[in-house]
$ cat query-v4.cif   # mmCIF, C-alpha atoms
data_my_file
#
loop_
_atom_site.group_PDB
_atom_site.id
_atom_site.type_symbol
_atom_site.label_atom_id
_atom_site.label_comp_id
_atom_site.auth_asym_id
_atom_site.auth_seq_id
_atom_site.Cartn_x
_atom_site.Cartn_y
_atom_site.Cartn_z
ATOM 1 C CA MET A 1 4.833 -6.085 25.716
ATOM 2 C CA ARG A 2 5.821 -9.496 27.000
ATOM 3 C CA GLY A 3 3.777 -9.155 30.191
ATOM 4 C CA PHE A 4 0.350 -8.360 28.778
ATOM 5 C CA LEU A 5 -1.397 -11.722 28.833
ATOM 6 C CA VAL A 6 -4.686 -10.441 27.401
ATOM 7 C CA LEU A 7 -2.940 -8.784 24.452
ATOM 8 C CA ARG A 8 -0.913 -11.902 23.717
ATOM 9 C CA VAL A 9 -3.925 -14.207 23.827
ATOM 10 C CA VAL A 10 -6.101 -11.879 21.736
ATOM 11 C CA ALA A 11 -3.298 -11.408 19.220
ATOM 12 C CA LYS A 12 -2.845 -15.161 18.875
ATOM 13 C CA MET A 13 -6.577 -15.562 18.344
ATOM 14 C CA LEU A 14 -6.776 -12.760 15.774
ATOM 15 C CA MET A 15 -3.714 -13.684 13.702
ATOM 16 C CA PRO A 16 -5.291 -16.531 11.691
ATOM 17 C CA PHE A 17 -8.290 -14.391 10.839
ATOM 18 C CA MET A 18 -6.137 -11.478 9.702
ATOM 19 C CA LEU A 19 -4.016 -13.689 7.466
ATOM 20 C CA LEU A 20 -7.140 -15.436 6.182
ATOM 21 C CA PHE A 21 -8.682 -12.045 5.416
ATOM 22 C CA ALA A 22 -5.571 -11.096 3.472
ATOM 23 C CA LEU A 23 -5.879 -14.261 1.403
ATOM 24 C CA TYR A 24 -9.610 -13.624 0.953
ATOM 25 C CA VAL A 25 -8.944 -10.114 -0.311
ATOM 26 C CA GLN A 26 -6.269 -11.516 -2.613
ATOM 27 C CA PHE A 27 -8.268 -14.293 -4.219
ATOM 28 C CA HIS A 28 -11.676 -12.648 -4.042
ATOM 29 C CA GLY A 29 -10.355 -9.472 -5.651
ATOM 30 C CA ASP A 30 -11.774 -10.634 -8.980
ATOM 31 C CA PHE A 31 -15.309 -10.558 -7.617
ATOM 32 C CA GLY A 32 -15.393 -8.010 -4.822
ATOM 33 C CA PRO A 33 -13.280 -5.076 -3.740
ATOM 34 C CA GLY A 34 -9.651 -5.832 -3.145
ATOM 35 C CA GLY A 35 -6.674 -7.157 -4.995
ATOM 36 C CA GLY A 36 -2.981 -7.680 -4.713
ATOM 37 C CA PHE A 37 -2.064 -4.321 -3.233
ATOM 38 C CA GLN A 38 -4.669 -4.415 -0.473
ATOM 39 C CA ALA A 39 -3.974 -8.059 0.313
ATOM 40 C CA GLY A 40 -0.253 -7.425 0.554
ATOM 41 C CA VAL A 41 -0.771 -4.514 2.907
ATOM 42 C CA ILE A 42 -3.181 -6.469 5.108
ATOM 43 C CA GLY A 43 -0.814 -9.426 5.304
ATOM 44 C CA ALA A 44 2.095 -7.142 6.190
ATOM 45 C CA ALA A 45 -0.092 -5.365 8.751
ATOM 46 C CA ALA A 46 -0.863 -8.714 10.366
ATOM 47 C CA MET A 47 2.850 -9.484 10.706
ATOM 48 C CA ILE A 48 3.562 -5.970 12.023
ATOM 49 C CA PHE A 49 0.789 -6.478 14.590
ATOM 50 C CA TYR A 50 2.483 -9.711 15.596
ATOM 51 C CA ALA A 51 5.786 -7.857 15.911
ATOM 52 C CA LEU A 52 4.211 -5.159 18.095
ATOM 53 C CA ILE A 53 2.857 -7.747 20.527
ATOM 54 C CA PHE A 54 5.497 -10.466 20.540
ATOM 55 C CA GLY A 55 8.564 -8.396 19.742
ATOM 56 C CA LEU A 56 10.833 -8.064 16.753
ATOM 57 C CA PRO A 57 13.088 -11.094 17.335
ATOM 58 C CA ALA A 58 10.128 -13.501 17.421
ATOM 59 C CA THR A 59 8.812 -12.031 14.172
ATOM 60 C CA ARG A 60 12.213 -12.286 12.543
ATOM 61 C CA GLN A 61 12.267 -15.951 13.431
ATOM 62 C CA LEU A 62 8.821 -16.398 11.922
ATOM 63 C CA VAL A 63 9.485 -14.378 8.746
ATOM 64 C CA PRO A 64 13.259 -14.180 8.338
ATOM 65 C CA GLU A 65 14.715 -11.072 6.784
ATOM 66 C CA PRO A 66 16.273 -12.756 3.725
ATOM 67 C CA LEU A 67 12.821 -14.092 2.859
ATOM 68 C CA VAL A 68 11.347 -10.577 3.062
ATOM 69 C CA GLU A 69 14.099 -9.145 0.877
ATOM 70 C CA THR A 70 13.552 -11.933 -1.625
ATOM 71 C CA MET A 71 9.828 -11.165 -1.665
ATOM 72 C CA VAL A 72 10.542 -7.516 -2.504
ATOM 73 C CA ALA A 73 12.224 -8.483 -5.762
ATOM 74 C CA LEU A 74 10.295 -11.686 -6.426
ATOM 75 C CA GLY A 75 6.948 -9.911 -6.830
ATOM 76 C CA VAL A 76 8.218 -7.623 -9.580
ATOM 77 C CA LEU A 77 9.841 -10.634 -11.244
ATOM 78 C CA ILE A 78 6.541 -12.568 -11.141
ATOM 79 C CA TYR A 79 4.748 -9.612 -12.721
ATOM 80 C CA ALA A 80 7.394 -9.134 -15.392
ATOM 81 C CA GLY A 81 7.529 -12.909 -15.856
ATOM 82 C CA VAL A 82 3.843 -12.959 -16.768
ATOM 83 C CA GLY A 83 4.666 -10.423 -19.466
ATOM 84 C CA VAL A 84 7.585 -12.500 -20.740
ATOM 85 C CA ALA A 85 5.385 -15.611 -20.690
ATOM 86 C CA GLY A 86 3.038 -13.750 -23.013
ATOM 87 C CA ILE A 87 5.907 -13.195 -25.454
ATOM 88 C CA VAL A 88 7.117 -16.786 -25.198
ATOM 89 C CA LEU A 89 3.643 -18.091 -25.966
ATOM 90 C CA GLY A 90 3.443 -15.954 -29.072
ATOM 91 C CA GLY A 91 1.717 -12.761 -27.982
ATOM 92 C CA ASN A 92 2.758 -9.286 -26.949
ATOM 93 C CA TYR A 93 4.318 -8.312 -23.624
ATOM 94 C CA LEU A 94 1.667 -8.585 -20.880
ATOM 95 C CA ASP A 95 -0.704 -10.177 -23.376
ATOM 96 C CA TYR A 96 -2.845 -12.514 -21.295
ATOM 97 C CA PHE A 97 -4.966 -13.934 -24.104
ATOM 98 C CA VAL A 98 -2.296 -16.456 -25.085
ATOM 99 C CA LEU A 99 -1.746 -17.844 -21.569
ATOM 100 C CA ALA A 100 -4.493 -20.450 -21.960
ATOM 101 C CA HIS A 101 -6.326 -22.086 -24.856
ATOM 102 C CA ASP A 102 -9.354 -19.920 -24.160
ATOM 103 C CA GLY A 103 -8.749 -16.173 -24.262
ATOM 104 C CA VAL A 104 -10.942 -15.431 -21.242
ATOM 105 C CA HIS A 105 -9.236 -18.134 -19.187
ATOM 106 C CA GLY A 106 -5.914 -16.663 -20.235
ATOM 107 C CA GLN A 107 -7.039 -13.274 -18.971
ATOM 108 C CA GLU A 108 -8.100 -14.788 -15.644
ATOM 109 C CA ARG A 109 -4.808 -16.603 -15.297
ATOM 110 C CA GLY A 110 -2.768 -13.532 -16.200
ATOM 111 C CA ILE A 111 -4.656 -11.299 -13.779
ATOM 112 C CA PHE A 112 -4.276 -13.905 -11.038
ATOM 113 C CA TRP A 113 -0.495 -14.094 -11.354
ATOM 114 C CA VAL A 114 -0.121 -10.368 -11.756
ATOM 115 C CA GLU A 115 -2.043 -9.822 -8.538
ATOM 116 C CA VAL A 116 0.146 -12.419 -6.802
ATOM 117 C CA GLY A 117 3.210 -10.484 -7.910
ATOM 118 C CA VAL A 118 1.810 -7.184 -6.634
ATOM 119 C CA ALA A 119 0.870 -8.719 -3.278
ATOM 120 C CA VAL A 120 4.282 -10.324 -2.788
ATOM 121 C CA THR A 121 6.189 -7.129 -3.542
ATOM 122 C CA VAL A 122 3.924 -4.873 -1.496
ATOM 123 C CA SER A 123 3.925 -7.042 1.612
ATOM 124 C CA GLY A 124 7.674 -7.573 1.294
ATOM 125 C CA VAL A 125 8.378 -3.848 1.029
ATOM 126 C CA MET A 126 6.032 -2.962 3.897
ATOM 127 C CA MET A 127 7.565 -5.554 6.216
ATOM 128 C CA LYS A 128 11.095 -4.624 5.193
ATOM 129 C CA ILE A 129 10.461 -0.954 5.935
ATOM 130 C CA PHE A 130 8.960 -1.875 9.289
ATOM 131 C CA TYR A 131 11.923 -4.108 10.127
ATOM 132 C CA MET A 132 14.280 -1.285 9.217
ATOM 133 C CA PHE A 133 12.480 1.286 11.364
ATOM 134 C CA ALA A 134 11.898 -1.023 14.302
ATOM 135 C CA GLY A 135 15.371 -2.517 14.312
ATOM 136 C CA ARG A 136 17.151 0.823 14.114
ATOM 137 C CA GLY A 137 18.529 2.130 17.371
ATOM 138 C CA ARG A 138 18.390 -1.272 19.010
ATOM 139 C CA GLY A 139 21.543 -2.702 17.514
ATOM 140 C CA LEU A 140 19.545 -5.232 15.546
ATOM 141 C CA ASP A 141 20.534 -3.951 12.113
ATOM 142 C CA ALA A 142 23.585 -6.150 11.996
ATOM 143 C CA SER A 143 21.705 -9.416 12.460
ATOM 144 C CA MET B 1 -12.468 16.274 8.895
ATOM 145 C CA VAL B 2 -11.992 20.035 9.020
ATOM 146 C CA ALA B 3 -11.701 19.884 12.820
ATOM 147 C CA LEU B 4 -9.154 17.068 12.521
ATOM 148 C CA THR B 5 -7.121 19.031 9.996
ATOM 149 C CA LEU B 6 -7.083 22.105 12.226
ATOM 150 C CA GLY B 7 -6.075 19.878 15.130
ATOM 151 C CA ILE B 8 -3.191 18.452 13.113
ATOM 152 C CA ALA B 9 -2.033 21.960 12.145
ATOM 153 C CA VAL B 10 -2.282 23.428 15.653
ATOM 154 C CA GLN B 11 -1.057 20.468 17.696
ATOM 155 C CA ARG B 12 2.597 20.568 18.793
ATOM 156 C CA ASN B 13 2.778 17.048 20.205
ATOM 157 C CA LEU B 14 3.684 14.850 17.255
ATOM 158 C CA TYR B 15 2.225 11.674 18.786
ATOM 159 C CA ALA B 16 -1.155 13.385 18.858
ATOM 160 C CA VAL B 17 -0.614 14.500 15.269
ATOM 161 C CA VAL B 18 0.067 10.922 14.149
ATOM 162 C CA VAL B 19 -3.049 9.621 15.896
ATOM 163 C CA LEU B 20 -5.143 12.449 14.444
ATOM 164 C CA SER B 21 -3.892 11.755 10.925
ATOM 165 C CA GLY B 22 -4.792 8.092 11.406
ATOM 166 C CA ALA B 23 -8.319 9.149 12.335
ATOM 167 C CA TYR B 24 -8.321 11.467 9.301
ATOM 168 C CA SER B 25 -7.421 8.507 7.081
ATOM 169 C CA PHE B 26 -10.336 6.478 8.449
ATOM 170 C CA LEU B 27 -12.719 9.389 7.790
ATOM 171 C CA MET B 28 -11.272 9.685 4.285
ATOM 172 C CA ALA B 29 -11.912 5.972 3.797
ATOM 173 C CA THR B 30 -15.569 6.417 4.755
ATOM 174 C CA VAL B 31 -15.838 9.317 2.305
ATOM 175 C CA LEU B 32 -14.410 7.068 -0.421
ATOM 176 C CA VAL B 33 -16.943 4.355 0.455
ATOM 177 C CA ALA B 34 -19.674 6.989 0.129
ATOM 178 C CA LEU B 35 -18.267 7.758 -3.340
ATOM 179 C CA ASP B 36 -18.526 4.015 -4.225
ATOM 180 C CA ALA B 37 -14.733 3.666 -4.515
ATOM 181 C CA VAL B 38 -14.507 0.633 -2.242
ATOM 182 C CA ASP B 39 -11.132 -0.544 -3.529
ATOM 183 C CA VAL B 40 -9.535 2.828 -2.858
ATOM 184 C CA ALA B 41 -11.237 3.054 0.534
ATOM 185 C CA MET B 42 -9.742 -0.301 1.492
ATOM 186 C CA THR B 43 -6.283 0.891 0.490
ATOM 187 C CA GLU B 44 -6.720 4.162 2.375
ATOM 188 C CA ALA B 45 -7.841 2.387 5.541
ATOM 189 C CA SER B 46 -5.052 -0.195 5.501
ATOM 190 C CA VAL B 47 -2.155 1.963 4.288
ATOM 191 C CA GLY B 48 -3.117 5.426 5.502
ATOM 192 C CA ALA B 49 -4.566 4.536 8.856
ATOM 193 C CA GLY B 50 -2.736 1.293 9.541
ATOM 194 C CA ILE B 51 0.787 0.950 8.252
ATOM 195 C CA SER B 52 1.784 4.605 7.916
ATOM 196 C CA THR B 53 0.598 5.281 11.480
ATOM 197 C CA VAL B 54 2.780 2.461 12.759
ATOM 198 C CA LEU B 55 5.751 3.630 10.679
ATOM 199 C CA LEU B 56 5.361 7.242 11.835
ATOM 200 C CA LEU B 57 5.172 6.120 15.453
ATOM 201 C CA GLY B 58 8.337 4.105 14.874
ATOM 202 C CA ALA B 59 10.019 7.190 13.418
ATOM 203 C CA LEU B 60 8.888 9.291 16.406
ATOM 204 C CA TYR B 61 10.305 6.673 18.755
ATOM 205 C CA LEU B 62 13.654 7.312 17.087
ATOM 206 C CA CYS B 63 13.613 11.101 16.929
ATOM 207 C CA GLY B 64 11.417 12.420 19.748
ATOM 208 C CA GLY B 65 7.857 13.659 19.764
ATOM 209 C CA GLU B 66 7.868 17.437 20.258
ATOM 210 C CA GLU B 67 7.753 19.866 17.385
ATOM 211 C CA ALA B 68 10.096 22.849 17.777
ATOM 212 C CA LYS B 69 8.528 26.287 17.810
ATOM 213 C CA PRO B 70 9.080 28.045 14.478
ATOM 214 C CA LEU B 71 11.422 31.016 14.734
ATOM 215 C CA THR B 72 9.418 33.292 12.460
ATOM 216 C CA ARG B 73 5.754 33.441 11.689
ATOM 217 C CA PRO B 74 5.404 31.768 8.272
ATOM 218 C CA TRP B 75 3.086 34.332 6.665
ATOM 219 C CA LEU B 76 4.478 34.039 3.122
ATOM 220 C CA PRO B 77 3.986 30.233 2.861
ATOM 221 C CA LEU B 78 0.503 30.679 4.323
ATOM 222 C CA ALA B 79 -0.349 33.282 1.692
ATOM 223 C CA ILE B 80 0.963 31.036 -1.111
ATOM 224 C CA ALA B 81 -1.022 28.077 0.227
ATOM 225 C CA VAL B 82 -4.227 30.152 0.442
ATOM 226 C CA VAL B 83 -3.778 31.441 -3.113
ATOM 227 C CA ILE B 84 -3.165 27.932 -4.488
ATOM 228 C CA ALA B 85 -6.150 26.561 -2.561
ATOM 229 C CA GLY B 86 -8.312 29.334 -3.973
ATOM 230 C CA ALA B 87 -7.108 28.542 -7.490
ATOM 231 C CA LEU B 88 -7.876 24.839 -6.991
ATOM 232 C CA VAL B 89 -11.378 25.564 -5.680
ATOM 233 C CA TYR B 90 -11.930 27.921 -8.617
ATOM 234 C CA GLY B 91 -10.778 25.110 -10.922
ATOM 235 C CA THR B 92 -13.333 22.676 -9.527
ATOM 236 C CA LEU B 93 -16.113 25.083 -10.578
ATOM 237 C CA GLY B 94 -15.366 24.190 -14.184
ATOM 238 C CA LEU B 95 -15.708 20.447 -13.638
ATOM 239 C CA PRO B 96 -18.875 18.631 -14.683
ATOM 240 C CA ALA B 97 -21.338 17.886 -11.886
ATOM 241 C CA PHE B 98 -20.651 14.816 -9.728
ATOM 242 C CA SER B 99 -21.840 11.532 -11.326
ATOM 243 C CA ASP B 100 -22.955 13.329 -14.461
ATOM 244 C CA PRO B 101 -23.231 10.540 -17.059
ATOM 245 C CA GLN B 102 -22.499 12.981 -19.899
ATOM 246 C CA ALA B 103 -19.135 14.031 -18.444
ATOM 247 C CA PRO B 104 -16.262 13.572 -20.934
ATOM 248 C CA ILE B 105 -14.509 11.081 -18.661
ATOM 249 C CA HIS B 106 -17.509 8.747 -18.824
ATOM 250 C CA ALA B 107 -17.872 8.960 -22.578
ATOM 251 C CA HIS B 108 -14.451 7.800 -23.814
ATOM 252 C CA VAL B 109 -13.383 4.276 -22.757
ATOM 253 C CA VAL B 110 -15.604 3.756 -19.712
ATOM 254 C CA PRO B 111 -18.586 2.300 -21.628
ATOM 255 C CA ARG B 112 -16.320 -0.287 -23.217
ATOM 256 C CA TYR B 113 -14.784 -1.242 -19.848
ATOM 257 C CA LEU B 114 -18.169 -1.506 -18.165
ATOM 258 C CA ASN B 115 -19.837 -3.438 -20.974
ATOM 259 C CA GLU B 116 -17.033 -5.644 -22.239
ATOM 260 C CA ALA B 117 -14.824 -6.267 -19.189
ATOM 261 C CA LEU B 118 -16.718 -9.342 -17.981
ATOM 262 C CA LYS B 119 -16.878 -10.790 -21.496
ATOM 263 C CA GLU B 120 -13.248 -10.095 -22.345
ATOM 264 C CA THR B 121 -11.520 -10.904 -19.069
ATOM 265 C CA GLY B 122 -14.003 -13.047 -17.125
ATOM 266 C CA VAL B 123 -13.454 -10.877 -14.062
ATOM 267 C CA PRO B 124 -16.626 -9.340 -12.603
ATOM 268 C CA ASN B 125 -14.807 -6.614 -10.660
ATOM 269 C CA VAL B 126 -14.180 -3.965 -13.294
ATOM 270 C CA VAL B 127 -11.603 -2.203 -11.108
ATOM 271 C CA THR B 128 -9.462 -5.328 -11.013
ATOM 272 C CA ALA B 129 -9.956 -5.913 -14.728
ATOM 273 C CA VAL B 130 -8.846 -2.392 -15.612
ATOM 274 C CA LEU B 131 -5.918 -2.418 -13.177
ATOM 275 C CA ALA B 132 -4.481 -5.788 -14.037
ATOM 276 C CA SER B 133 -5.440 -6.246 -17.666
ATOM 277 C CA TYR B 134 -6.333 -3.089 -19.606
ATOM 278 C CA ARG B 135 -3.820 -0.998 -17.683
ATOM 279 C CA GLY B 136 -1.345 -3.785 -17.017
ATOM 280 C CA TYR B 137 1.656 -1.673 -17.929
ATOM 281 C CA ASP B 138 0.665 1.018 -15.429
ATOM 282 C CA THR B 139 0.314 -1.512 -12.656
ATOM 283 C CA LEU B 140 3.679 -3.031 -13.570
ATOM 284 C CA GLY B 141 5.122 0.461 -13.256
ATOM 285 C CA GLU B 142 3.440 0.935 -9.877
ATOM 286 C CA THR B 143 4.818 -2.338 -8.613
ATOM 287 C CA THR B 144 8.248 -1.260 -9.768
ATOM 288 C CA VAL B 145 7.771 2.031 -7.919
ATOM 289 C CA VAL B 146 6.928 0.150 -4.716
ATOM 290 C CA PHE B 147 9.991 -2.037 -5.261
ATOM 291 C CA THR B 148 12.157 1.034 -5.829
ATOM 292 C CA ALA B 149 10.799 2.675 -2.686
ATOM 293 C CA GLY B 150 11.645 -0.421 -0.678
ATOM 294 C CA ALA B 151 15.119 -0.588 -2.190
ATOM 295 C CA GLY B 152 15.635 3.103 -1.431
ATOM 296 C CA VAL B 153 14.654 2.673 2.212
ATOM 297 C CA ILE B 154 16.959 -0.323 2.495
ATOM 298 C CA ALA B 155 19.811 1.668 0.980
ATOM 299 C CA LEU B 156 19.210 4.625 3.302
ATOM 300 C CA LEU B 157 18.789 2.789 6.574
ATOM 301 C CA ARG B 158 21.344 0.044 6.167
ATOM 302 C CA ARG B 159 24.369 2.311 6.567
ATOM 303 C CA ARG B 160 25.062 1.203 10.121
ATOM 304 C CA LYS B 161 25.572 -2.417 9.191
ATOM 305 C CA ARG B 162 28.180 -1.570 6.595
ATOM 306 C CA ARG B 163 30.088 0.579 9.072
ATOM 307 C CA LYS B 164 30.097 -2.281 11.523
ATOM 308 C CA ASP B 165 31.438 -4.621 8.873
ATOM 309 C CA GLY B 166 34.150 -2.054 8.139
ATOM 310 C CA GLU B 167 35.152 -1.959 11.791
ATOM 311 C CA GLY B 168 35.326 -5.715 11.942
ATOM 312 C CA GLN B 169 37.749 -6.041 9.090
#

$ encode --input "query-v4.cif" --output "structure tokens"
Amino acid sequence: MRGFLVLRVVAKMLMPFMLLFALYVQFHGDFGPGGGFQAGVIGAAAMIFYALIFGLPATRQLVPEPLVETMVALGVLIYAGVGVAGIVLGGNYLDYFVLAHDGVHGQERGIFWVEVGVAVTVSGVMMKIFYMFAGRGRGLDAS
Amino acid sequence: MVALTLGIAVQRNLYAVVVLSGAYSFLMATVLVALDAVDVAMTEASVGAGISTVLLLGALYLCGGEEAKPLTRPWLPLAIAVVIAGALVYGTLGLPAFSDPQAPIHAHVVPRYLNEALKETGVPNVVTAVLASYRGYDTLGETTVVFTAGAGVIALLRRRKRRKDGEGQ
């Protein structure tokens, strides 16, 4: 799709808004609909949209594959780490009340980090699967 | 939605099927909005209509877009499907009426979630509070499932690279 000027320009204009919307869904998930899963999917969809317009190699430069693979595992580790932090601070596993001096603040903090973990893993997995499918049959697997 | 489903079942061109199922997902998302399940609707619209459509199109690009004609008429599977569908519809007759406040599901832990969630977690969106806090273990399991799915896809599709490495050595 290198030749389609309109698509390229529109995609460049839309990208910031899509990524911003992903962040909005992520951090506004406490108050409105949304959360880590939806935000991760929207962020991954934005990058897949970029890949459809500008091609896979450009996207791989932007979001390199090792980073994506790290994200896949990192999200689960963040989530599990919140649980371990609860134990270290003297509570049960995944006990958010001990994460801050005030129980409610601890809950907010725990939920925030848990949602971050979910978003990181989900977007990593989605992008990795897309990379795998799109790169297959083009000799790009071995990059 | 019924027309879309029939179209998906009848259509032999798989590209059309993928596009139709994307449209089906969007309709499903609107139904979920009508049921006040905005979080689920958002997931359905982004995953069902967005990412899975792209992934299915990518898969079709790899394996061709025409469905082969079945050799025999699949009457037995059709009969089994009709019987199971009838049983499921019969089962729904026993459910309490939609949005009945006296239904058992609304009487157990829901009042506590709805009344105490803001006080206990400081998060106004009860869905988020239940997902991330009250049911934190479940969500950890779900995240692990997503991780496992990603790892499985990586393991399945990466074969070619290893073979190439083997040739190089």

$ closest_atom_pairs --input "query-v4.cif" --of "chain A" --to "chain B" --cutoff "6 Å" --atoms "only C-alpha atoms" --output "Markdown table"
| residue | atom | partner | partner_atom | distance |
| --- | --- | --- | --- | --- |
| A:Asp30 | CA | B:Asn125 | CA | 5.3 |
| A:Phe31 | CA | B:Asn125 | CA | 5.0 |
| A:Pro33 | CA | B:Asp39 | CA | 5.0 |
| A:Gly34 | CA | B:Asp39 | CA | 5.5 |
| A:Gln38 | CA | B:Thr43 | CA | 5.6 |
| A:Val104 | CA | B:Thr121 | CA | 5.1 |
| A:Gln107 | CA | B:Thr121 | CA | 5.1 |
| A:Ile111 | CA | B:Ala132 | CA | 5.5 |
| A:Val125 | CA | B:Gly150 | CA | 5.0 |
| A:Ala142 | CA | B:Lys161 | CA | 5.1 |

$ closest_residue --input "query-v4.cif" --among "A:Gly75, A:Gly43, A:Gly32, A:Pro57" --to "Val120 of chain A" --atoms "all atoms listed in the file"
A:Gly75

$ atom_distance --input "query-v4.cif" --atom1 "atom CA of Phe4 of chain A" --atom2 "atom CA of Ser25 of chain B"
28.6 Å

$ resolve_selection --input "query-v4.cif" --expression "the PyMOL selection byres ((chain A and resi 127-131) around 8)" --output "list in words"
Ala44, Met47, Ile48, Leu56, Glu65, Val68, Glu69, Ser123, Gly124, Val125, Met126, Met132, Phe133, Ala134 and Gly135 of chain A; Leu55, Gly150, Val153 and Ile154 of chain B

$ atom_distance --input "query-v4.cif" --atom1 "atom CA of Ala9 of chain B" --atom2 "atom CA of Tyr90 of chain B"
23.8 Å

$ atom_distance --input "query-v4.cif" --atom1 "atom CA of Gly110 of chain A" --atom2 "atom CA of Phe97 of chain A"
8.2 Å

$ residues_around --input "query-v4.cif" --residues "Val10 of chain A" --least-positions-apart "5" --cutoff "10 Å" --atoms "only C-alpha atoms" --output "VMD selection string"
chain A and resid 5 15 53

$ closest_residue --input "query-v4.cif" --among "B:Ala16, B:Met28, B:Val109, B:Val89" --to "Met1 of chain B" --atoms "all atoms listed in the file"
B:Met28

$ closest_residue --input "query-v4.cif" --among "A:Ala85, A:Ala119, A:Leu99, A:Glu108" --to "Ala22 of chain A" --atoms "only C-alpha atoms"
A:Ala119

$ resolve_selection --input "query-v4.cif" --expression "the PyMOL selection byres ((chain A and resi 116) around 10)" --output "list in words"
Gln26, Phe27, Gly35, Gly36, Phe37, Ala39, Gly40, Gly75, Val76, Ile78, Tyr79, Gly110, Ile111, Phe112, Trp113, Val114, Glu115, Gly117, Val118, Ala119, Val120, Thr121 and Val122 of chain A

$ axis_aligned_box --input "query-v4.cif" --around "segment 82-87 of chain A" --padding-each-side "6 Å" --output "lines of an AutoDock Vina configuration file"
center_x = 5.3
center_y = -13.0
center_z = -21.1
size_x = 16.5
size_y = 17.2
size_z = 20.7
